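> After the structure tokens below, expect a handful of questions from me.
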Number of protein chains: 4
Amino acid sequence: MGSNSFGRLFQITTWGESHGKAIGVVIDGCPAGLAISEEDINNELKWRRPGSLPFTSPRKESDRAEILSGVFEGRTTGTPLSIMIQNQDAQPHDYAAVKEVLRPGHANYTYLEKYGIYDYPGVGRASARETACRVAAGAVAKKLLMEEGIELAAYLSACGAVEASAPTSEVDSLRDQVRASPLFCPDEKAAAEMTALLSEVEESGDSLGGMVTLLAEGLPTGLGEPIFDRLEARLGAARSTRPRARCQ
Amino acid sequence: MGSNSFGRLFQITTWGESHGKAIGVVIDGCPAGLAISEEDINNELKWRRPGSLPFTSPRKESDRAEILSGVFEGRTTGTPLSIMIQNQDAQPHDYAAVKEVLRPGHANYTYLEKYGIYDYPGVGRASARETACRVAAGAVAKKLLMEEGIELAAYLSACGAVEASAPTSEVDSLRDQVRASPLFCPDEKAAAEMTALLSEVEESGDSLGGMVTLLAEGLPTGLGEPIFDRLEARLGAARSTRPRARCQ
Amino acid sequence: MGSNSFGRLFQITTWGESHGKAIGVVIDGCPAGLAISEEDINNELKWRRPGSLPFTSPRKESDRAEILSGVFEGRTTGTPLSIMIQNQDAQPHDYAAVKEVLRPGHANYTYLEKYGIYDYPGVGRASARETACRVAAGAVAKKLLMEEGIELAAYLSACGAVEASAPTSEVDSLRDQVRASPLFCPDEKAAAEMTALLSEVEESGDSLGGMVTLLAEGLPTGLGEPIFDRLEARLGAARSTRPRARCQ
Amino acid sequence: MGSNSFGRLFQITTWGESHGKAIGVVIDGCPAGLAISEEDINNELKWRRPGSLPFTSPRKESDRAEILSGVFEGRTTGTPLSIMIQNQDAQPHDYAAVKEVLRPGHANYTYLEKYGIYDYPGVGRASARETACRVAAGAVAKKLLMEEGIELAAYLSACGAVEASAPTSEVDSLRDQVRASPLFCPDEKAAAEMTALLSEVEESGDSLGGMVTLLAEGLPTGLGEPIFDRLEARLGAARSTRPRARCQ
């Protein structure tokens with residue numbers, strides 16, 4: 001299983017390039033009987049949609065998910081869910097200028113050496129756009145977890161050298177505070193510092209690393225694997241290993 | 001890995017219901033640099049298209065594959081290929097009559113017991129329509145094999161009690177003969193008997209089992225696994241275990 | 001996952017050559033809390049032990065399984081079970097004569113072409129001895145199934161052209177009848193014919209194909225996967241594809 | 001695939017408890033033709049052997065690996081390698097005192113809640129002893145890599161707040177320097193500080209986190225997966241997430 005797939009029983013496989021026709025995800029192993037709608041998925045997608053938040057890609061995408069299979073009369077049937085998001089603001093011609101340029105901070109050179117070819121518009125698949133599919137699959141996973149009484153909230157806990165702390169460890173109210181912040185940082189003082197820092201960095205054409213903290217309520221004891229592949233290790237492995245220049 | 005996925009390095013995952021919006025397949029692990037077009041895939045799909053051959057589903061589908069990702073300027077890039085086929089003649093309302101009926105010879109009862117829900121129009125995913133996605137993925141696999149000098153031809157070698165033999169073991173000319181036969185049976189005498197038998201069976205509302213023989217030229221020694229999971233065992237496991245009533 | 005492993009949640013991986021120091025199996029995914037002893041495993045192994053039944057390998061092996069891990073105070077702990085069977089009657093020197101001979105009906109040539117090397121004593125891993133590990137793992141699986149109220153019995157239902165039928169479909173009494181037969185065939189008349197046929201074939205240095213029928217009681221509806229990878233297909237894929245000369 | 005297995009093409013599965021009869025690893029997917037001996041494996045095992053280095057378990061183990069399968073006349077055959085290490089200083093009775101005690105900093109409570117049972121002597125499988133099997137499998141992997149011209153050296157680059165730097169980036173001479181240090185730290189000044197710090201911490205019955213840096217020479221471009229499952233992420237996921245009390 002390569003990196004396009006994730007998970008063992010609830011397994012997702014994402015596909016799609018930044019400036020292709022569409023991007024999407026197939027979820028195999030979702031239990032039957034879960035109530036899920038395109039609205040549920042779109043409600044999560046709106047929190048990562050480019051073009052609306054500060055310091056994100058200026059690209060305009062409505063990011064509306066279509067469920068193509070696996071749901072019948074509003075409920076999952078036990079067959080694979082195929083979720084597709086059309087690319088609307090894909091502008092491959094915008095990238096003609098970089099066709100012959102291996103941009104530092106992007107994966108161009110590695111792709112070229114590894115595959116002998118690369119999809120230069122928007123760096124093809126090595127784009128933050130790929131994460132829309134993970135958000136869509138995550139929306140389904142989250143509904144499943146909620147049915148088991150598990151609640152989640154995540155927030156930006158560090159950006160460059162600025163650290164933030166959560167004003168509460170109560171998941172429901174933390175989530176509301178996170179959503180009220182354009183940086184998803186519930187610590188107002190830290191958020192203001194982060195904003196100043198990001199503006200500075202943006203002007204100089206640079207970027208910053210960050211940290212996300214996730215709170216979960218209602219977890220059973222013993223999630224994850226013993227010794228290796230612990231839950232924390234799996235989550236840690238999902239990180240992008242270094243700050244990258246902004247891409248879409 | 002459940003039955004919606006097949007393969008280890010070149011791994012396909014199919015999705016889609018008979019009467020949903022679309023069906024499709026994601027291919028992960030296809031090497032970069034393979035020249036592949038929608039035309040290549042559609043040229044294979046036309047051989048299984050319902051509505052044109054005798055004794056197949058009367059459903060009218062143009063079965064045109066769209067490549068949504070993984071191909072850039074005519075060549076694969078090493079990222080997942082997403083191939084989608086729109087359902088055009090999907091008519092869920094045609095199935096209202098069978099909504100409350102568990103049809104013998106179909107998987108309805110098993111689905112209901114296993115999943116607690118089933119997608120009754122066209123039996124959802126338990127439909128011959130699912131195989132269109134396998135044909136599409138197979139078209140890509142076949143091009144890869146051809147680049148390695150491997151040529152394939154398959155034919156109907158038995159239908160009920162009628163057995164057929166191949167007039168040649170030369171793959172190229174066998175393939176031409178197979179394609180010239182509406183039953184994909186290059187043995188004309190046997191094909192005539194099969195046609196008569198199928199007409200008879202069709203009138204009585206029954207169905208028949210069959211057998212397919214595959215010839216491959218240019219294979220390296222030692223394909224498949226030793227002891228278990230031999231190539232023949234993997235191919236054998238792909239069979240449908242009993243004759244089923246015609247479905248789409 | 002190659003052919004040395006089988007299963008997804010309860011996954012077994014076998015290792016070992018016919019004339020090496022030992023053979024064994026690692027079971028990963030066995031639920032914690034199952035009562036299992038070496039005696040439980042040895043009670044199953046004795047039914048396949050060579051040297052005691054007619055028409056089997058003359059090799060003398062006590063085939064005693066040792067549980068090296070995964071069981072604590074008589075119960076599984078959720079960690080991998082490692083089961084080892086020492087090879088006692090391994091006589092690599094007996095095979096010196098065939099070192100340079102690629103025996104027809106054995107996998108020698110294929111191994112040599114595929115791997116560039118092969119373990120000629122007893123054909124290394126391509127030996128019926130490998131199945132002892134599958135029986136050992138099966139003994140654990142069977143105990144798990146029995147805890148779920150599932151009972152199994154299998155018998156030899158065909159040998160060459162001789163077919164046998166089960167005198168009862170009641171699993172418990174069928175199992176007793178099978179164990180009372182040296183050929184594991186509860187149909188006495190058929191068993192006699194099989195014995196005559198096998199003696200004849202043995203004299204001529206040939207072998208015969210056969211068929212095994214398995215009865216299971218207490219199965220839940222919907223075991224196996226829909227469409228492909230049905231339970232029957234998985235079982236069918238386990239077959240050896242053609243009669244082979246007797247090996248150990 | 002749970003955490004007892006690692007790898008996709010070259011896949012290892014470890015088994016065994018700290019105070020059971022033995023521990024071991026099965027390697028499936030190792031290419032045929034690799035020259036490998038028990039000596040090759042033991043030469044690597046000696047670097048992690050408890051009882052000889054400061055600040056490690058006082059347990060005395062000779063840690064001699066036995067190759068039980070997969071090697072014929074000094075070369076791998078393409079079949080699974082089974083490697084076993086007998087436990088010699090296993091003293092389950094030493095642990096009687098902790099039978100009823102859920103030790104903080106150990107995984108006891110989690111195991112008990114997750115599995116309903118746990119193997120208290122030496123914390124069963126949640127023991128540093130498990131890593132001997134990973135070292136054994138790593139010895140085989142390393143020989144494979146060396147045949148491809150890839151050379152590796154790793155060193156302790158941080159211990160608590162003390163950081164160390166490598167005196168050279170030349171792999172061969174770095175490896176020599178690392179092996180000359182009881183802490184595997186080639187920076188003598190830092191090593192002395194670490195030793196002092198560790199002695200202090202040991203006295204207070206505490207432990208420290210650390211960091212390992214790995215240098216590799218001769219790697220092809222593009223190892224690891226794009227986007228997620230990058231090589232750095234896979235390596236990062238292998239870490240133990242927090243300093244733990246010394247165990248064996």
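Chain labels run A, B, ... following the order of the structure tokens; each chain numbers its residues from 1, and ligands are numbered from 1 in the order shown.
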Just the residues within 7 Å of Gly78 (chain C), please, counting only C-alpha atoms, with nothing from its chain fewer than 5 positions along; format it as a ChimeraX atom specification.

/C:29-32,70 /D:115

> Using only C-alpha atoms, select each residue of chain B with any atom at most 8 Å away from an atom of chain A, and give the selection as a ChimeraX atom specification.

/B:1-2,4,8,14-17,20-23,26,28-29,31-33,68-70,72,77-82,115-119,125

> Next, the residues of the selection above should be written as a short mmCIF file (atom, residue, chain, number, x, y, z; two decimals), in the first residue's frame with N, CA, C and O atoms.


```cif
data_model
loop_
_atom_site.label_atom_id
_atom_site.label_comp_id
_atom_site.auth_asym_id
_atom_site.auth_seq_id
_atom_site.Cartn_x
_atom_site.Cartn_y
_atom_site.Cartn_z
N MET B 1 -7.29 -5.88 2.58
CA MET B 1 -7.76 -5.53 1.24
C MET B 1 -8.98 -6.39 0.90
O MET B 1 -8.87 -7.61 0.81
N GLY B 2 -10.09 -5.76 0.71
CA GLY B 2 -11.30 -6.50 0.38
C GLY B 2 -11.39 -6.77 -1.10
O GLY B 2 -10.43 -6.53 -1.85
N ASN B 4 -12.93 -5.30 -3.40
CA ASN B 4 -13.01 -4.17 -4.31
C ASN B 4 -11.64 -3.80 -4.85
O ASN B 4 -11.52 -3.05 -5.80
N ARG B 8 -1.21 -6.16 -6.15
CA ARG B 8 -0.32 -5.79 -5.06
C ARG B 8 0.54 -4.59 -5.45
O ARG B 8 0.54 -3.58 -4.76
N THR B 14 -12.13 -0.81 -7.47
CA THR B 14 -13.32 -0.41 -8.23
C THR B 14 -14.40 0.12 -7.30
O THR B 14 -14.44 -0.21 -6.13
N TRP B 15 -15.28 0.93 -7.85
CA TRP B 15 -16.39 1.49 -7.07
C TRP B 15 -17.57 1.70 -8.01
O TRP B 15 -17.41 1.74 -9.22
N GLY B 16 -18.76 1.84 -7.44
CA GLY B 16 -19.91 2.19 -8.25
C GLY B 16 -20.99 1.13 -8.33
O GLY B 16 -20.70 -0.06 -8.34
N GLU B 17 -22.22 1.62 -8.36
CA GLU B 17 -23.36 0.74 -8.44
C GLU B 17 -23.99 0.78 -9.82
O GLU B 17 -23.88 1.78 -10.54
N GLY B 20 -26.26 3.81 -10.09
CA GLY B 20 -25.84 5.08 -9.50
C GLY B 20 -25.44 6.06 -10.59
O GLY B 20 -25.68 5.83 -11.77
N LYS B 21 -24.78 7.15 -10.18
CA LYS B 21 -24.38 8.17 -11.15
C LYS B 21 -23.30 7.68 -12.10
O LYS B 21 -23.25 8.05 -13.27
N ALA B 22 -22.37 6.91 -11.59
CA ALA B 22 -21.21 6.51 -12.38
C ALA B 22 -20.59 5.29 -11.72
O ALA B 22 -20.94 4.92 -10.60
N ILE B 23 -19.69 4.65 -12.43
CA ILE B 23 -18.85 3.60 -11.87
C ILE B 23 -17.40 3.98 -12.21
O ILE B 23 -17.18 4.83 -13.07
N VAL B 26 -9.81 3.14 -9.56
CA VAL B 26 -8.57 3.86 -9.30
C VAL B 26 -7.43 2.84 -9.41
O VAL B 26 -7.49 1.77 -8.80
N ASP B 28 -3.57 2.27 -8.67
CA ASP B 28 -2.41 2.82 -7.96
C ASP B 28 -1.23 1.88 -8.21
O ASP B 28 -1.35 0.67 -8.09
N GLY B 29 -0.11 2.46 -8.57
CA GLY B 29 1.08 1.65 -8.80
C GLY B 29 1.43 1.45 -10.26
O GLY B 29 2.37 0.72 -10.58
N PRO B 31 3.32 2.12 -13.42
CA PRO B 31 4.60 2.81 -13.66
C PRO B 31 4.41 4.09 -14.48
O PRO B 31 3.49 4.19 -15.30
N ALA B 32 5.29 5.05 -14.26
CA ALA B 32 5.26 6.29 -15.02
C ALA B 32 5.78 6.06 -16.43
O ALA B 32 6.58 5.16 -16.67
N GLY B 33 5.27 6.86 -17.36
CA GLY B 33 5.82 6.86 -18.71
C GLY B 33 5.06 6.02 -19.71
O GLY B 33 5.41 5.99 -20.90
N LEU B 68 -9.49 10.77 -15.27
CA LEU B 68 -9.55 12.01 -14.47
C LEU B 68 -8.22 12.41 -13.85
O LEU B 68 -8.05 13.54 -13.42
N SER B 69 -7.29 11.48 -13.80
CA SER B 69 -6.01 11.80 -13.16
C SER B 69 -4.94 10.80 -13.56
O SER B 69 -5.25 9.75 -14.12
N GLY B 70 -3.70 11.14 -13.27
CA GLY B 70 -2.61 10.19 -13.43
C GLY B 70 -1.97 10.16 -14.80
O GLY B 70 -0.98 9.46 -15.01
N PHE B 72 -0.53 12.69 -17.92
CA PHE B 72 -0.16 14.06 -18.26
C PHE B 72 0.48 14.07 -19.64
O PHE B 72 1.44 13.34 -19.88
N THR B 77 2.02 9.29 -15.02
CA THR B 77 3.03 10.05 -14.25
C THR B 77 3.49 9.33 -12.99
O THR B 77 4.29 9.87 -12.23
N GLY B 78 2.95 8.13 -12.73
CA GLY B 78 3.30 7.42 -11.49
C GLY B 78 2.30 7.70 -10.38
O GLY B 78 2.39 7.10 -9.31
N THR B 79 1.34 8.59 -10.61
CA THR B 79 0.30 8.87 -9.61
C THR B 79 -0.95 8.07 -9.98
O THR B 79 -1.03 7.52 -11.09
N PRO B 80 -1.93 7.97 -9.07
CA PRO B 80 -3.08 7.12 -9.35
C PRO B 80 -3.88 7.56 -10.58
O PRO B 80 -4.16 8.75 -10.75
N LEU B 81 -4.24 6.60 -11.40
CA LEU B 81 -5.16 6.86 -12.51
C LEU B 81 -6.58 6.68 -11.98
O LEU B 81 -6.91 5.62 -11.45
N SER B 82 -7.41 7.70 -12.15
CA SER B 82 -8.82 7.56 -11.82
C SER B 82 -9.59 7.52 -13.13
O SER B 82 -9.49 8.44 -13.94
N TYR B 115 -25.35 -6.62 5.51
CA TYR B 115 -25.18 -5.17 5.64
C TYR B 115 -26.38 -4.46 6.27
O TYR B 115 -26.30 -3.29 6.62
N GLY B 116 -27.52 -5.16 6.32
CA GLY B 116 -28.71 -4.54 6.90
C GLY B 116 -29.39 -3.57 5.94
O GLY B 116 -30.35 -2.90 6.29
N ILE B 117 -28.88 -3.48 4.73
CA ILE B 117 -29.39 -2.54 3.73
C ILE B 117 -28.93 -3.06 2.37
O ILE B 117 -27.91 -3.72 2.28
N TYR B 118 -29.73 -2.85 1.34
CA TYR B 118 -29.16 -3.10 0.01
C TYR B 118 -29.77 -2.19 -1.02
O TYR B 118 -30.89 -1.72 -0.90
N ASP B 119 -28.99 -1.98 -2.03
CA ASP B 119 -29.26 -1.04 -3.10
C ASP B 119 -29.98 -1.83 -4.19
O ASP B 119 -29.36 -2.39 -5.07
N ARG B 125 -24.26 -3.18 -6.49
CA ARG B 125 -22.90 -3.44 -6.93
C ARG B 125 -22.71 -4.89 -7.42
O ARG B 125 -21.78 -5.17 -8.17
#
```

> Which residue gives the smallest distance to Leu214 (chain D) among D:Pro54, D:Gly236, D:Gly7, D:Pro121, with only C-alpha atoms counted?

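Under the stated criterion, the closest residue is D:Gly236.
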
> For the structure I just gave you, how does DSSP split region 17-206 of chain D - specifically, which residues are helix (DSSP H, G or I)? Reply as a PyMOL selection string.

chain D and resi 38-45+92-98+108-115+121-123+128-147+171-179+188-203

> Using C-alpha atoms, can you export the residues from the last selection as an mmCIF file, in the first residue's frame?


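Ended up saving to out_21.cif:
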```cif
data_model
loop_
_atom_site.group_PDB
_atom_site.id
_atom_site.type_symbol
_atom_site.label_atom_id
_atom_site.label_comp_id
_atom_site.auth_asym_id
_atom_site.auth_seq_id
_atom_site.Cartn_x
_atom_site.Cartn_y
_atom_site.Cartn_z
ATOM 1 C CA GLU D 38 24.455 -16.240 11.224
ATOM 2 C CA GLU D 39 27.747 -14.459 11.776
ATOM 3 C CA ASP D 40 26.575 -11.469 9.722
ATOM 4 C CA ILE D 41 23.532 -11.176 11.956
ATOM 5 C CA ASN D 42 25.384 -11.765 15.210
ATOM 6 C CA ASN D 43 27.890 -9.076 14.297
ATOM 7 C CA GLU D 44 25.070 -6.566 14.356
ATOM 8 C CA LEU D 45 23.320 -8.028 17.386
ATOM 9 C CA PRO D 92 9.808 -15.000 34.860
ATOM 10 C CA HIS D 93 9.833 -15.653 38.610
ATOM 11 C CA ASP D 94 11.738 -12.390 39.129
ATOM 12 C CA TYR D 95 8.576 -10.660 38.189
ATOM 13 C CA ALA D 96 6.208 -12.316 40.647
ATOM 14 C CA ALA D 97 6.386 -9.216 42.823
ATOM 15 C CA VAL D 98 4.952 -7.014 40.077
ATOM 16 C CA ASN D 108 0.578 -2.741 31.693
ATOM 17 C CA TYR D 109 -2.654 -0.877 32.210
ATOM 18 C CA THR D 110 -3.221 -0.353 28.488
ATOM 19 C CA TYR D 111 -2.577 -4.019 27.733
ATOM 20 C CA LEU D 112 -4.937 -5.091 30.473
ATOM 21 C CA GLU D 113 -7.715 -2.794 29.222
ATOM 22 C CA LYS D 114 -7.135 -3.623 25.552
ATOM 23 C CA TYR D 115 -6.512 -7.361 25.693
ATOM 24 C CA PRO D 121 7.215 -10.845 33.264
ATOM 25 C CA GLY D 122 9.308 -8.177 31.611
ATOM 26 C CA VAL D 123 6.104 -6.617 30.279
ATOM 27 C CA ALA D 128 13.287 -3.385 24.462
ATOM 28 C CA ARG D 129 14.106 -7.043 23.888
ATOM 29 C CA GLU D 130 11.735 -6.989 20.913
ATOM 30 C CA THR D 131 14.194 -4.764 19.086
ATOM 31 C CA ALA D 132 16.764 -7.578 18.897
ATOM 32 C CA CYS D 133 14.553 -9.077 16.175
ATOM 33 C CA ARG D 134 14.494 -5.781 14.308
ATOM 34 C CA VAL D 135 18.276 -5.645 14.504
ATOM 35 C CA ALA D 136 18.500 -9.191 13.110
ATOM 36 C CA ALA D 137 16.195 -8.333 10.216
ATOM 37 C CA GLY D 138 18.088 -5.079 9.757
ATOM 38 C CA ALA D 139 21.340 -7.008 9.393
ATOM 39 C CA VAL D 140 19.871 -8.797 6.375
ATOM 40 C CA ALA D 141 18.466 -5.554 4.950
ATOM 41 C CA LYS D 142 21.812 -3.847 5.415
ATOM 42 C CA LYS D 143 23.625 -6.518 3.426
ATOM 43 C CA LEU D 144 21.110 -6.063 0.616
ATOM 44 C CA LEU D 145 21.656 -2.290 0.673
ATOM 45 C CA MET D 146 25.422 -2.695 0.700
ATOM 46 C CA GLU D 147 25.162 -4.773 -2.464
ATOM 47 C CA VAL D 171 30.028 7.272 6.553
ATOM 48 C CA ASP D 172 32.833 4.734 6.876
ATOM 49 C CA SER D 173 34.918 6.681 9.331
ATOM 50 C CA LEU D 174 31.851 7.901 11.224
ATOM 51 C CA ARG D 175 30.788 4.318 11.780
ATOM 52 C CA ASP D 176 34.182 3.485 13.257
ATOM 53 C CA GLN D 177 33.975 6.415 15.636
ATOM 54 C CA VAL D 178 30.450 5.491 16.680
ATOM 55 C CA ARG D 179 31.470 1.941 17.500
ATOM 56 C CA GLU D 188 33.557 12.973 22.791
ATOM 57 C CA LYS D 189 32.712 16.102 24.672
ATOM 58 C CA ALA D 190 28.979 15.558 24.315
ATOM 59 C CA ALA D 191 29.383 11.882 25.206
ATOM 60 C CA ALA D 192 31.050 12.808 28.477
ATOM 61 C CA GLU D 193 28.223 15.201 29.322
ATOM 62 C CA MET D 194 25.644 12.569 28.413
ATOM 63 C CA THR D 195 27.354 10.020 30.646
ATOM 64 C CA ALA D 196 27.278 12.420 33.582
ATOM 65 C CA LEU D 197 23.655 13.277 32.941
ATOM 66 C CA LEU D 198 22.615 9.658 32.616
ATOM 67 C CA SER D 199 24.360 8.695 35.864
ATOM 68 C CA GLU D 200 22.491 11.437 37.645
ATOM 69 C CA VAL D 201 19.164 10.418 36.150
ATOM 70 C CA GLU D 202 19.793 6.747 36.857
ATOM 71 C CA GLU D 203 20.343 7.472 40.503
#
```

> Write out as a PyMOL selection string all residues of region 28-121 of chain A that backbone DSSP assigns to strand (DSSP E).

chain A and resi 28+65-69+71-72+75-76+81-86

> Would you mind exporting C-alpha atoms of the selected residues as a JSON list (two decimals), in the first residue's frame?


```json
[["chain", "number", "residue", "atom", "x", "y", "z"],
["A", 28, "ASP", "CA", -13.44, 1.12, 1.16],
["A", 65, "ALA", "CA", -18.01, 17.12, -3.02],
["A", 66, "GLU", "CA", -20.17, 14.75, -5.05],
["A", 67, "ILE", "CA", -20.87, 11.27, -3.68],
["A", 68, "LEU", "CA", -20.84, 8.95, -6.70],
["A", 69, "SER", "CA", -21.34, 5.59, -5.02],
["A", 71, "VAL", "CA", -24.69, 5.67, -0.43],
["A", 72, "PHE", "CA", -28.28, 4.62, -1.02],
["A", 75, "ARG", "CA", -27.13, 5.69, 4.15],
["A", 76, "THR", "CA", -23.90, 3.85, 3.37],
["A", 81, "LEU", "CA", -17.84, 5.46, -1.38],
["A", 82, "SER", "CA", -16.46, 7.40, -4.31],
["A", 83, "ILE", "CA", -16.27, 11.12, -3.60],
["A", 84, "MET", "CA", -15.26, 13.57, -6.34],
["A", 85, "ILE", "CA", -14.46, 17.29, -6.25],
["A", 86, "GLN", "CA", -14.33, 19.06, -9.59]]
```

> Distance CA of Arg234 (chain A)-CA of Thr213 (chain A), one decimal place?

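The value is 14.2 Å.
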
> Using only C-alpha atoms, pick whichever of B:Leu183, B:Leu223, B:Val212, B:Leu235 has the shortest atom-to-atom distance to Thr56 (chain B).

B:Leu183

> Please, what distance in Å, to one decimal, runs between CA of Ile12 (chain A) and CA of Leu231 (chain A)?

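That distance, rounded to one decimal, is 17.5 Å.
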